[in-house]
$ cat entry.pdb   # PDB, N, CA and C atoms
ATOM      1  N   MET I 186      -6.384 -17.727  14.977
ATOM      2  CA  MET I 186      -6.191 -16.507  14.224
ATOM      3  C   MET I 186      -7.502 -16.139  13.532
ATOM      4  N   THR I 187      -7.852 -14.872  13.612
ATOM      5  CA  THR I 187      -9.039 -14.372  12.941
ATOM      6  C   THR I 187      -8.734 -14.184  11.463
ATOM      7  N   ARG I 188      -9.608 -14.686  10.607
ATOM      8  CA  ARG I 188      -9.413 -14.543   9.166
ATOM      9  C   ARG I 188     -10.421 -13.539   8.625
ATOM     10  N   HIS I 189      -9.966 -12.720   7.691
ATOM     11  CA  HIS I 189     -10.825 -11.730   7.055
ATOM     12  C   HIS I 189     -10.700 -11.872   5.543
ATOM     13  N   ARG I 190     -11.815 -11.710   4.888
ATOM     14  CA  ARG I 190     -11.788 -11.694   3.418
ATOM     15  C   ARG I 190     -11.261 -10.350   2.950
ATOM     16  N   LEU I 191     -10.737 -10.324   1.739
ATOM     17  CA  LEU I 191     -10.316  -9.058   1.161
ATOM     18  C   LEU I 191     -11.560  -8.226   0.888
ATOM     19  N   ASP I 192     -11.624  -7.056   1.470
ATOM     20  CA  ASP I 192     -12.789  -6.189   1.396
ATOM     21  C   ASP I 192     -12.677  -5.269   0.180
ATOM     22  N   ASP I 193     -13.716  -5.253  -0.659
ATOM     23  CA  ASP I 193     -13.689  -4.415  -1.863
ATOM     24  C   ASP I 193     -13.584  -2.927  -1.547
ATOM     25  N   SER I 194     -14.043  -2.505  -0.359
ATOM     26  CA  SER I 194     -13.947  -1.081  -0.017
ATOM     27  C   SER I 194     -12.481  -0.659   0.161
ATOM     28  N   ILE I 195     -11.599  -1.617   0.374
ATOM     29  CA  ILE I 195     -10.164  -1.347   0.438
ATOM     30  C   ILE I 195      -9.485  -1.743  -0.875
ATOM     31  N   MET I 196      -9.824  -2.918  -1.378
ATOM     32  CA  MET I 196      -9.142  -3.424  -2.569
ATOM     33  C   MET I 196      -9.472  -2.615  -3.826
ATOM     34  N   ASP I 197     -10.702  -2.133  -3.967
ATOM     35  CA  ASP I 197     -11.044  -1.346  -5.161
ATOM     36  C   ASP I 197     -10.196  -0.080  -5.270
ATOM     37  N   PRO I 198     -10.082   0.723  -4.191
ATOM     38  CA  PRO I 198      -9.195   1.899  -4.310
ATOM     39  C   PRO I 198      -7.737   1.516  -4.569
ATOM     40  N   ILE I 199      -7.271   0.423  -3.979
ATOM     41  CA  ILE I 199      -5.898  -0.016  -4.239
ATOM     42  C   ILE I 199      -5.732  -0.305  -5.724
ATOM     43  N   ARG I 200      -6.688  -1.031  -6.312
ATOM     44  CA  ARG I 200      -6.610  -1.347  -7.750
ATOM     45  C   ARG I 200      -6.693  -0.087  -8.601
ATOM     46  N   GLU I 201      -7.625   0.816  -8.268
ATOM     47  CA  GLU I 201      -7.819   2.035  -9.061
ATOM     48  C   GLU I 201      -6.581   2.931  -9.027
ATOM     49  N   ILE I 202      -6.024   3.127  -7.851
ATOM     50  CA  ILE I 202      -4.845   3.989  -7.727
ATOM     51  C   ILE I 202      -3.646   3.344  -8.403
ATOM     52  N   THR I 203      -3.492   2.052  -8.234
ATOM     53  CA  THR I 203      -2.393   1.332  -8.895
ATOM     54  C   THR I 203      -2.490   1.492 -10.406
ATOM     55  N   THR I 204      -3.685   1.306 -10.954
ATOM     56  CA  THR I 204      -3.883   1.438 -12.399
ATOM     57  C   THR I 204      -3.580   2.855 -12.873
ATOM     58  N   SER I 205      -3.976   3.858 -12.089
ATOM     59  CA  SER I 205      -3.734   5.242 -12.512
ATOM     60  C   SER I 205      -2.260   5.615 -12.442
ATOM     61  N   MET I 206      -1.527   5.037 -11.486
ATOM     62  CA  MET I 206      -0.113   5.392 -11.339
ATOM     63  C   MET I 206       0.818   4.497 -12.153
ATOM     64  N   TRP I 207       0.462   3.230 -12.266
ATOM     65  CA  TRP I 207       1.315   2.257 -12.960
ATOM     66  C   TRP I 207       0.453   1.402 -13.882
ATOM     67  N   PRO I 208       0.036   1.940 -15.031
ATOM     68  CA  PRO I 208      -0.824   1.192 -15.948
ATOM     69  C   PRO I 208      -0.225  -0.179 -16.274
ATOM     70  N   GLY I 209      -1.053  -1.197 -16.189
ATOM     71  CA  GLY I 209      -0.613  -2.548 -16.500
ATOM     72  C   GLY I 209      -0.112  -3.338 -15.302
ATOM     73  N   ALA I 210       0.139  -2.668 -14.169
ATOM     74  CA  ALA I 210       0.595  -3.384 -12.970
ATOM     75  C   ALA I 210      -0.576  -4.160 -12.373
ATOM     76  N   LEU I 211      -0.298  -5.362 -11.908
ATOM     77  CA  LEU I 211      -1.315  -6.193 -11.279
ATOM     78  C   LEU I 211      -1.290  -6.022  -9.770
ATOM     79  N   VAL I 212      -2.454  -6.103  -9.163
ATOM     80  CA  VAL I 212      -2.552  -6.109  -7.705
ATOM     81  C   VAL I 212      -2.810  -7.547  -7.290
ATOM     82  N   LEU I 213      -1.846  -8.110  -6.597
ATOM     83  CA  LEU I 213      -1.949  -9.498  -6.161
ATOM     84  C   LEU I 213      -1.775  -9.581  -4.653
ATOM     85  N   PRO I 214      -2.704 -10.214  -3.954
ATOM     86  CA  PRO I 214      -2.535 -10.381  -2.508
ATOM     87  C   PRO I 214      -1.388 -11.349  -2.214
ATOM     88  N   THR I 215      -0.577 -11.001  -1.246
ATOM     89  CA  THR I 215       0.516 -11.852  -0.806
ATOM     90  C   THR I 215       0.555 -11.837   0.720
ATOM     91  N   MET I 216       1.359 -12.699   1.289
ATOM     92  CA  MET I 216       1.537 -12.705   2.731
ATOM     93  C   MET I 216       2.967 -12.295   3.044
ATOM     94  N   SER I 217       3.112 -11.353   3.942
ATOM     95  CA  SER I 217       4.430 -10.896   4.351
ATOM     96  C   SER I 217       5.073 -11.903   5.291
ATOM     97  N   THR I 218       6.371 -12.047   5.155
ATOM     98  CA  THR I 218       7.086 -12.965   6.043
ATOM     99  C   THR I 218       7.580 -12.265   7.297
ATOM    100  N   GLY I 219       7.463 -10.944   7.339
ATOM    101  CA  GLY I 219       7.944 -10.191   8.498
ATOM    102  C   GLY I 219       6.903 -10.111   9.599
ATOM    103  N   ALA I 220       7.343  -9.696  10.764
ATOM    104  CA  ALA I 220       6.446  -9.529  11.910
ATOM    105  C   ALA I 220       5.880  -8.110  11.913
ATOM    106  N   THR I 221       4.604  -7.987  12.251
ATOM    107  CA  THR I 221       3.968  -6.680  12.370
ATOM    108  C   THR I 221       3.074  -6.678  13.605
ATOM    109  N   ASP I 222       2.500  -5.527  13.886
ATOM    110  CA  ASP I 222       1.539  -5.413  14.984
ATOM    111  C   ASP I 222       0.138  -5.832  14.553
ATOM    112  N   SER I 223      -0.002  -6.268  13.316
ATOM    113  CA  SER I 223      -1.336  -6.590  12.804
ATOM    114  C   SER I 223      -2.024  -7.701  13.593
ATOM    115  N   THR I 224      -1.257  -8.575  14.203
ATOM    116  CA  THR I 224      -1.837  -9.671  14.978
ATOM    117  C   THR I 224      -2.794  -9.156  16.042
ATOM    118  N   PHE I 225      -2.416  -8.088  16.719
ATOM    119  CA  PHE I 225      -3.245  -7.548  17.788
ATOM    120  C   PHE I 225      -4.566  -6.999  17.250
ATOM    121  N   PHE I 226      -4.502  -6.324  16.109
ATOM    122  CA  PHE I 226      -5.721  -5.797  15.502
ATOM    123  C   PHE I 226      -6.606  -6.920  14.972
ATOM    124  N   ARG I 227      -6.001  -7.861  14.273
ATOM    125  CA  ARG I 227      -6.772  -8.978  13.708
ATOM    126  C   ARG I 227      -7.458  -9.781  14.803
ATOM    127  N   ASN I 228      -6.760 -10.021  15.911
ATOM    128  CA  ASN I 228      -7.356 -10.772  17.017
ATOM    129  C   ASN I 228      -8.492 -10.005  17.675
ATOM    130  N   ALA I 229      -8.508  -8.682  17.496
ATOM    131  CA  ALA I 229      -9.600  -7.859  18.018
ATOM    132  C   ALA I 229     -10.723  -7.715  16.991
ATOM    133  N   GLY I 230     -10.581  -8.407  15.845
ATOM    134  CA  GLY I 230     -11.621  -8.371  14.824
ATOM    135  C   GLY I 230     -11.483  -7.253  13.817
ATOM    136  N   VAL I 231     -10.361  -6.557  13.811
ATOM    137  CA  VAL I 231     -10.136  -5.461  12.871
ATOM    138  C   VAL I 231      -9.338  -5.986  11.683
ATOM    139  N   PRO I 232      -9.912  -5.919  10.479
ATOM    140  CA  PRO I 232      -9.159  -6.369   9.300
ATOM    141  C   PRO I 232      -7.907  -5.508   9.099
ATOM    142  N   VAL I 233      -6.811  -6.135   8.724
ATOM    143  CA  VAL I 233      -5.540  -5.431   8.548
ATOM    144  C   VAL I 233      -4.995  -5.743   7.162
ATOM    145  N   TYR I 234      -4.561  -4.687   6.477
ATOM    146  CA  TYR I 234      -3.978  -4.828   5.149
ATOM    147  C   TYR I 234      -2.612  -4.161   5.160
ATOM    148  N   GLY I 235      -1.662  -4.746   4.493
ATOM    149  CA  GLY I 235      -0.358  -4.122   4.316
ATOM    150  C   GLY I 235      -0.154  -3.825   2.841
ATOM    151  N   VAL I 236       0.179  -2.591   2.534
ATOM    152  CA  VAL I 236       0.396  -2.188   1.150
ATOM    153  C   VAL I 236       1.423  -1.059   1.166
ATOM    154  N   SER I 237       2.311  -1.026   0.168
ATOM    155  CA  SER I 237       3.355   0.005   0.205
ATOM    156  C   SER I 237       3.388   0.899  -1.032
ATOM    157  N   GLY I 238       3.148   0.343  -2.198
ATOM    158  CA  GLY I 238       3.285   1.142  -3.414
ATOM    159  C   GLY I 238       4.730   1.426  -3.763
ATOM    160  N   ILE I 239       5.659   0.662  -3.212
ATOM    161  CA  ILE I 239       7.077   0.857  -3.502
ATOM    162  C   ILE I 239       7.566  -0.270  -4.405
ATOM    163  N   PHE I 240       8.184   0.125  -5.497
ATOM    164  CA  PHE I 240       8.718  -0.842  -6.446
ATOM    165  C   PHE I 240      10.240  -0.744  -6.451
ATOM    166  N   THR I 241      10.897  -1.880  -6.634
ATOM    167  CA  THR I 241      12.344  -1.921  -6.789
ATOM    168  C   THR I 241      12.646  -2.761  -8.023
ATOM    169  N   GLU I 242      13.891  -2.726  -8.435
ATOM    170  CA  GLU I 242      14.299  -3.540  -9.574
ATOM    171  C   GLU I 242      14.275  -5.015  -9.183
ATOM    172  N   PHE I 243      13.855  -5.867 -10.096
ATOM    173  CA  PHE I 243      13.827  -7.300  -9.848
ATOM    174  C   PHE I 243      15.232  -7.780  -9.482
ATOM    175  N   GLY I 244      15.323  -8.512  -8.390
ATOM    176  CA  GLY I 244      16.610  -9.045  -7.951
ATOM    177  C   GLY I 244      17.456  -8.070  -7.150
ATOM    178  N   ASP I 245      16.963  -6.844  -6.928
ATOM    179  CA  ASP I 245      17.730  -5.836  -6.193
ATOM    180  C   ASP I 245      17.054  -5.551  -4.848
ATOM    181  N   ASN I 246      16.780  -6.605  -4.093
ATOM    182  CA  ASN I 246      16.131  -6.461  -2.798
ATOM    183  C   ASN I 246      17.190  -6.216  -1.731
ATOM    184  N   ARG I 247      17.235  -5.006  -1.211
ATOM    185  CA  ARG I 247      18.230  -4.648  -0.200
ATOM    186  C   ARG I 247      17.589  -4.429   1.165
ATOM    187  N   THR I 248      16.406  -4.998   1.368
ATOM    188  CA  THR I 248      15.687  -4.814   2.617
ATOM    189  C   THR I 248      16.502  -5.331   3.792
ATOM    190  N   HIS I 249      16.719  -4.475   4.764
ATOM    191  CA  HIS I 249      17.418  -4.777   6.014
ATOM    192  C   HIS I 249      18.857  -5.236   5.810
ATOM    193  N   GLY I 250      19.437  -4.927   4.665
ATOM    194  CA  GLY I 250      20.837  -5.262   4.428
ATOM    195  C   GLY I 250      21.752  -4.137   4.898
ATOM    196  N   ARG I 251      23.052  -4.357   4.778
ATOM    197  CA  ARG I 251      24.016  -3.322   5.176
ATOM    198  C   ARG I 251      23.872  -2.074   4.319
ATOM    199  N   ASP I 252      23.439  -2.252   3.093
ATOM    200  CA  ASP I 252      23.275  -1.113   2.189
ATOM    201  C   ASP I 252      21.799  -0.941   1.808
ATOM    202  N   GLU I 253      20.935  -1.051   2.822
ATOM    203  CA  GLU I 253      19.489  -0.938   2.577
ATOM    204  C   GLU I 253      19.180   0.414   1.935
ATOM    205  N   ARG I 254      18.447   0.349   0.839
ATOM    206  CA  ARG I 254      18.046   1.574   0.138
ATOM    207  C   ARG I 254      17.005   1.228  -0.903
ATOM    208  N   LEU I 255      16.392   2.256  -1.432
ATOM    209  CA  LEU I 255      15.484   2.102  -2.549
ATOM    210  C   LEU I 255      15.617   3.333  -3.423
ATOM    211  N   PRO I 256      15.236   3.209  -4.684
ATOM    212  CA  PRO I 256      15.354   4.360  -5.581
ATOM    213  C   PRO I 256      14.504   5.539  -5.091
ATOM    214  N   LYS I 257      15.038   6.751  -5.246
ATOM    215  CA  LYS I 257      14.335   7.954  -4.803
ATOM    216  C   LYS I 257      12.946   8.039  -5.439
ATOM    217  N   ARG I 258      12.870   7.721  -6.718
ATOM    218  CA  ARG I 258      11.576   7.765  -7.407
ATOM    219  C   ARG I 258      10.578   6.813  -6.754
ATOM    220  N   SER I 259      11.030   5.612  -6.382
ATOM    221  CA  SER I 259      10.148   4.647  -5.728
ATOM    222  C   SER I 259       9.634   5.182  -4.404
ATOM    223  N   PHE I 260      10.500   5.858  -3.653
ATOM    224  CA  PHE I 260      10.082   6.433  -2.378
ATOM    225  C   PHE I 260       8.952   7.430  -2.585
ATOM    226  N   TYR I 261       9.147   8.369  -3.505
ATOM    227  CA  TYR I 261       8.146   9.417  -3.714
ATOM    228  C   TYR I 261       6.867   8.881  -4.350
ATOM    229  N   GLU I 262       6.990   7.917  -5.249
ATOM    230  CA  GLU I 262       5.778   7.304  -5.809
ATOM    231  C   GLU I 262       5.022   6.530  -4.734
ATOM    232  N   GLY I 263       5.733   5.820  -3.870
ATOM    233  CA  GLY I 263       5.090   5.114  -2.768
ATOM    234  C   GLY I 263       4.399   6.072  -1.822
ATOM    235  N   LEU I 264       5.018   7.211  -1.555
ATOM    236  CA  LEU I 264       4.416   8.248  -0.714
ATOM    237  C   LEU I 264       3.121   8.761  -1.341
ATOM    238  N   GLU I 265       3.160   9.053  -2.632
ATOM    239  CA  GLU I 265       1.963   9.522  -3.341
ATOM    240  C   GLU I 265       0.871   8.460  -3.343
ATOM    241  N   PHE I 266       1.251   7.215  -3.559
ATOM    242  CA  PHE I 266       0.291   6.109  -3.549
ATOM    243  C   PHE I 266      -0.419   6.027  -2.201
ATOM    244  N   LEU I 267       0.344   6.058  -1.116
ATOM    245  CA  LEU I 267      -0.263   5.956   0.213
ATOM    246  C   LEU I 267      -1.100   7.183   0.553
ATOM    247  N   TYR I 268      -0.701   8.354   0.085
ATOM    248  CA  TYR I 268      -1.502   9.558   0.273
ATOM    249  C   TYR I 268      -2.860   9.409  -0.418
ATOM    250  N   ARG I 269      -2.822   8.994  -1.673
ATOM    251  CA  ARG I 269      -4.078   8.816  -2.417
ATOM    252  C   ARG I 269      -4.954   7.739  -1.784
ATOM    253  N   LEU I 270      -4.344   6.643  -1.351
ATOM    254  CA  LEU I 270      -5.108   5.559  -0.741
ATOM    255  C   LEU I 270      -5.737   6.007   0.571
ATOM    256  N   THR I 271      -4.984   6.717   1.387
ATOM    257  CA  THR I 271      -5.519   7.215   2.654
ATOM    258  C   THR I 271      -6.714   8.125   2.407
ATOM    259  N   ARG I 272      -6.581   9.026   1.455
ATOM    260  CA  ARG I 272      -7.711   9.924   1.136
ATOM    261  C   ARG I 272      -8.908   9.131   0.611
ATOM    262  N   ALA I 273      -8.632   8.109  -0.190
ATOM    263  CA  ALA I 273      -9.730   7.338  -0.791
ATOM    264  C   ALA I 273     -10.540   6.578   0.254
ATOM    265  N   VAL I 274      -9.902   6.102   1.293
ATOM    266  CA  VAL I 274     -10.622   5.266   2.262
ATOM    267  C   VAL I 274     -10.969   5.999   3.551
ATOM    268  N   ALA I 275     -10.361   7.153   3.804
ATOM    269  CA  ALA I 275     -10.566   7.798   5.100
ATOM    270  C   ALA I 275     -11.188   9.186   5.041
ATOM    271  N   VAL I 276     -11.325   9.755   3.855
ATOM    272  CA  VAL I 276     -11.811  11.125   3.739
ATOM    273  C   VAL I 276     -13.120  11.153   2.964
ATOM    274  N   SER I 277     -14.000  12.033   3.375
ATOM    275  CA  SER I 277     -15.281  12.183   2.698
ATOM    276  C   SER I 277     -15.066  12.531   1.228
ATOM    277  N   LYS I 278     -15.873  11.948   0.382
ATOM    278  CA  LYS I 278     -15.788  12.214  -1.061
ATOM    279  C   LYS I 278     -16.202  13.650  -1.383
ATOM    280  N   ASP I 279     -16.843  14.354  -0.439
ATOM    281  CA  ASP I 279     -17.322  15.711  -0.674
ATOM    282  C   ASP I 279     -16.262  16.776  -0.446
ATOM    283  N   LEU I 280     -15.125  16.404   0.158
ATOM    284  CA  LEU I 280     -14.083  17.397   0.430
ATOM    285  C   LEU I 280     -13.219  17.603  -0.805
ATOM    286  N   PRO I 281     -12.748  18.825  -1.014
ATOM    287  CA  PRO I 281     -11.865  19.076  -2.161
ATOM    288  C   PRO I 281     -10.503  18.415  -1.932
ATOM    289  N   VAL I 282      -9.888  17.999  -3.017
ATOM    290  CA  VAL I 282      -8.581  17.353  -2.959
ATOM    291  C   VAL I 282      -7.522  18.408  -3.263
ATOM    292  N   ALA I 283      -6.546  18.531  -2.374
ATOM    293  CA  ALA I 283      -5.447  19.465  -2.598
ATOM    294  C   ALA I 283      -4.547  18.932  -3.707
ATOM    295  N   PRO I 284      -4.138  19.786  -4.640
ATOM    296  CA  PRO I 284      -3.244  19.317  -5.696
ATOM    297  C   PRO I 284      -1.866  18.930  -5.131
ATOM    298  N   VAL I 285      -1.308  17.856  -5.653
ATOM    299  CA  VAL I 285       0.004  17.381  -5.213
ATOM    300  C   VAL I 285       0.884  17.232  -6.431
ATOM    301  N   THR I 286       2.077  17.780  -6.359
ATOM    302  CA  THR I 286       3.034  17.611  -7.449
ATOM    303  C   THR I 286       4.302  17.008  -6.890
ATOM    304  N   LEU I 287       4.928  16.167  -7.674
ATOM    305  CA  LEU I 287       6.191  15.551  -7.247
ATOM    306  C   LEU I 287       7.352  16.233  -7.897
TER     307      LEU I 287
END

$ encode --input "entry.pdb" --output "structure tokens"
Amino acid sequence: MTRHRLDDSIMDPIREITTSMWPGALVLPTMSTGATDSTFFRNAGVPVYGVSGIFTEFGDNRTHGRDERLPKRSFYEGLEFLYRLTRAVAVSKDLPVAPVTL
């Protein structure tokens, strides 16, 4: 398995956006127990990161259950988080940012 260090060009925007949206929240690297396509990218030498920006209540994990769901607010905040992160790492800093309201 190809190993990659956490790259600051990805982790810094994750930390900055997290701090702006959820002051006091910590960004901690973890390993997912689920299967993803990341293996193919990593084996080709492409670093892969998984991040969601979705929060749920502690102890209320309904992932892949019969009543799988998440709070509406968490969905929209996660969407905004991923939008900001995508712009931060994939778009030129010289382009204007379109205003987004939830």

$ closest_residue --input "entry.pdb" --among "I:Tyr268, I:Ile195, I:Val236, I:Thr241" --to "I:Pro256" --atoms "all atoms listed in the file"
I:Thr241

$ resolve_selection --input "entry.pdb" --expression "the PyMOL selection byres ((chain I and resi 239) around 6)" --output "ChimeraX atom specification"
/I:237-238,240-241,259,263

$ resolve_selection --input "entry.pdb" --expression "the PyMOL selection byres ((chain I and resi 266) around 8)" --output "ChimeraX atom specification"
/I:202-203,206,237-239,260-265,267-272

$ write_last_selection --input "entry.pdb" --atoms "N, CA and C atoms" --output "PDB file, in the frame of the given file"
ATOM      1  N   ILE I 202      -6.024   3.127  -7.851  1.00  0.00           N
ATOM      2  CA  ILE I 202      -4.845   3.989  -7.727  1.00  0.00           C
ATOM      3  C   ILE I 202      -3.646   3.344  -8.403  1.00  0.00           C
ATOM      4  N   THR I 203      -3.492   2.052  -8.234  1.00  0.00           N
ATOM      5  CA  THR I 203      -2.393   1.332  -8.895  1.00  0.00           C
ATOM      6  C   THR I 203      -2.490   1.492 -10.406  1.00  0.00           C
ATOM      7  N   MET I 206      -1.527   5.037 -11.486  1.00  0.00           N
ATOM      8  CA  MET I 206      -0.113   5.392 -11.339  1.00  0.00           C
ATOM      9  C   MET I 206       0.818   4.497 -12.153  1.00  0.00           C
ATOM     10  N   SER I 237       2.311  -1.026   0.168  1.00  0.00           N
ATOM     11  CA  SER I 237       3.355   0.005   0.205  1.00  0.00           C
ATOM     12  C   SER I 237       3.388   0.899  -1.032  1.00  0.00           C
ATOM     13  N   GLY I 238       3.148   0.343  -2.198  1.00  0.00           N
ATOM     14  CA  GLY I 238       3.285   1.142  -3.414  1.00  0.00           C
ATOM     15  C   GLY I 238       4.730   1.426  -3.763  1.00  0.00           C
ATOM     16  N   ILE I 239       5.659   0.662  -3.212  1.00  0.00           N
ATOM     17  CA  ILE I 239       7.077   0.857  -3.502  1.00  0.00           C
ATOM     18  C   ILE I 239       7.566  -0.270  -4.405  1.00  0.00           C
ATOM     19  N   PHE I 260      10.500   5.858  -3.653  1.00  0.00           N
ATOM     20  CA  PHE I 260      10.082   6.433  -2.378  1.00  0.00           C
ATOM     21  C   PHE I 260       8.952   7.430  -2.585  1.00  0.00           C
ATOM     22  N   TYR I 261       9.147   8.369  -3.505  1.00  0.00           N
ATOM     23  CA  TYR I 261       8.146   9.417  -3.714  1.00  0.00           C
ATOM     24  C   TYR I 261       6.867   8.881  -4.350  1.00  0.00           C
ATOM     25  N   GLU I 262       6.990   7.917  -5.249  1.00  0.00           N
ATOM     26  CA  GLU I 262       5.778   7.304  -5.809  1.00  0.00           C
ATOM     27  C   GLU I 262       5.022   6.530  -4.734  1.00  0.00           C
ATOM     28  N   GLY I 263       5.733   5.820  -3.870  1.00  0.00           N
ATOM     29  CA  GLY I 263       5.090   5.114  -2.768  1.00  0.00           C
ATOM     30  C   GLY I 263       4.399   6.072  -1.822  1.00  0.00           C
ATOM     31  N   LEU I 264       5.018   7.211  -1.555  1.00  0.00           N
ATOM     32  CA  LEU I 264       4.416   8.248  -0.714  1.00  0.00           C
ATOM     33  C   LEU I 264       3.121   8.761  -1.341  1.00  0.00           C
ATOM     34  N   GLU I 265       3.160   9.053  -2.632  1.00  0.00           N
ATOM     35  CA  GLU I 265       1.963   9.522  -3.341  1.00  0.00           C
ATOM     36  C   GLU I 265       0.871   8.460  -3.343  1.00  0.00           C
ATOM     37  N   LEU I 267       0.344   6.058  -1.116  1.00  0.00           N
ATOM     38  CA  LEU I 267      -0.263   5.956   0.213  1.00  0.00           C
ATOM     39  C   LEU I 267      -1.100   7.183   0.553  1.00  0.00           C
ATOM     40  N   TYR I 268      -0.701   8.354   0.085  1.00  0.00           N
ATOM     41  CA  TYR I 268      -1.502   9.558   0.273  1.00  0.00           C
ATOM     42  C   TYR I 268      -2.860   9.409  -0.418  1.00  0.00           C
ATOM     43  N   ARG I 269      -2.822   8.994  -1.673  1.00  0.00           N
ATOM     44  CA  ARG I 269      -4.078   8.816  -2.417  1.00  0.00           C
ATOM     45  C   ARG I 269      -4.954   7.739  -1.784  1.00  0.00           C
ATOM     46  N   LEU I 270      -4.344   6.643  -1.351  1.00  0.00           N
ATOM     47  CA  LEU I 270      -5.108   5.559  -0.741  1.00  0.00           C
ATOM     48  C   LEU I 270      -5.737   6.007   0.571  1.00  0.00           C
ATOM     49  N   THR I 271      -4.984   6.717   1.387  1.00  0.00           N
ATOM     50  CA  THR I 271      -5.519   7.215   2.654  1.00  0.00           C
ATOM     51  C   THR I 271      -6.714   8.125   2.407  1.00  0.00           C
ATOM     52  N   ARG I 272      -6.581   9.026   1.455  1.00  0.00           N
ATOM     53  CA  ARG I 272      -7.711   9.924   1.136  1.00  0.00           C
ATOM     54  C   ARG I 272      -8.908   9.131   0.611  1.00  0.00           C
TER      55      ARG I 272
END

$ select_by_dssp --input "entry.pdb" --residues "chain I" --states "helix (DSSP H, G or I)" --output "ChimeraX atom specification"
/I:193-206,223-228,257-275

$ atom_distance --input "entry.pdb" --atom1 "atom C of I:Thr248" --atom2 "atom CA of I:Gly219"
10.9 Å

$ atom_distance --input "entry.pdb" --atom1 "atom C of I:Tyr234" --atom2 "atom N of I:Ala275"
13.8 Å

$ atom_distance --input "entry.pdb" --atom1 "atom N of I:Val276" --atom2 "atom CA of I:Asp193"
15.5 Å

$ resolve_selection --input "entry.pdb" --expression "the PyMOL selection byres (((chain I and resi 235 and name CA) around 10) and name CA)" --output "ChimeraX atom specification"
/I:214-217,221,223,233-234,236-237

$ write_last_selection --input "entry.pdb" --atoms "N, CA and C atoms" --output "PDB file, keeping the file's coordinate frame"
ATOM      1  N   PRO I 214      -2.704 -10.214  -3.954  1.00  0.00           N
ATOM      2  CA  PRO I 214      -2.535 -10.381  -2.508  1.00  0.00           C
ATOM      3  C   PRO I 214      -1.388 -11.349  -2.214  1.00  0.00           C
ATOM      4  N   THR I 215      -0.577 -11.001  -1.246  1.00  0.00           N
ATOM      5  CA  THR I 215       0.516 -11.852  -0.806  1.00  0.00           C
ATOM      6  C   THR I 215       0.555 -11.837   0.720  1.00  0.00           C
ATOM      7  N   MET I 216       1.359 -12.699   1.289  1.00  0.00           N
ATOM      8  CA  MET I 216       1.537 -12.705   2.731  1.00  0.00           C
ATOM      9  C   MET I 216       2.967 -12.295   3.044  1.00  0.00           C
ATOM     10  N   SER I 217       3.112 -11.353   3.942  1.00  0.00           N
ATOM     11  CA  SER I 217       4.430 -10.896   4.351  1.00  0.00           C
ATOM     12  C   SER I 217       5.073 -11.903   5.291  1.00  0.00           C
ATOM     13  N   THR I 221       4.604  -7.987  12.251  1.00  0.00           N
ATOM     14  CA  THR I 221       3.968  -6.680  12.370  1.00  0.00           C
ATOM     15  C   THR I 221       3.074  -6.678  13.605  1.00  0.00           C
ATOM     16  N   SER I 223      -0.002  -6.268  13.316  1.00  0.00           N
ATOM     17  CA  SER I 223      -1.336  -6.590  12.804  1.00  0.00           C
ATOM     18  C   SER I 223      -2.024  -7.701  13.593  1.00  0.00           C
ATOM     19  N   VAL I 233      -6.811  -6.135   8.724  1.00  0.00           N
ATOM     20  CA  VAL I 233      -5.540  -5.431   8.548  1.00  0.00           C
ATOM     21  C   VAL I 233      -4.995  -5.743   7.162  1.00  0.00           C
ATOM     22  N   TYR I 234      -4.561  -4.687   6.477  1.00  0.00           N
ATOM     23  CA  TYR I 234      -3.978  -4.828   5.149  1.00  0.00           C
ATOM     24  C   TYR I 234      -2.612  -4.161   5.160  1.00  0.00           C
ATOM     25  N   VAL I 236       0.179  -2.591   2.534  1.00  0.00           N
ATOM     26  CA  VAL I 236       0.396  -2.188   1.150  1.00  0.00           C
ATOM     27  C   VAL I 236       1.423  -1.059   1.166  1.00  0.00           C
ATOM     28  N   SER I 237       2.311  -1.026   0.168  1.00  0.00           N
ATOM     29  CA  SER I 237       3.355   0.005   0.205  1.00  0.00           C
ATOM     30  C   SER I 237       3.388   0.899  -1.032  1.00  0.00           C
TER      31      SER I 237
END

$ axis_aligned_box --input "entry.pdb" --around "stretch 237-246 of chain I" --padding-each-side "5 Å" --output "lines of an AutoDock Vina configuration file"
center_x = 10.0
center_y = -3.8
center_z = -4.9
size_x = 25.4
size_y = 20.5
size_z = 20.3

$ closest_residue --input "entry.pdb" --among "I:Val231, I:Thr224, I:Ile199, I:Leu255" --to "I:Val212" --atoms "all atoms listed in the file"
I:Ile199

$ closest_residue --input "entry.pdb" --among "I:Asn228, I:Leu213, I:Asn246, I:Arg258" --to "I:Arg200" --atoms "only C-alpha atoms"
I:Leu213
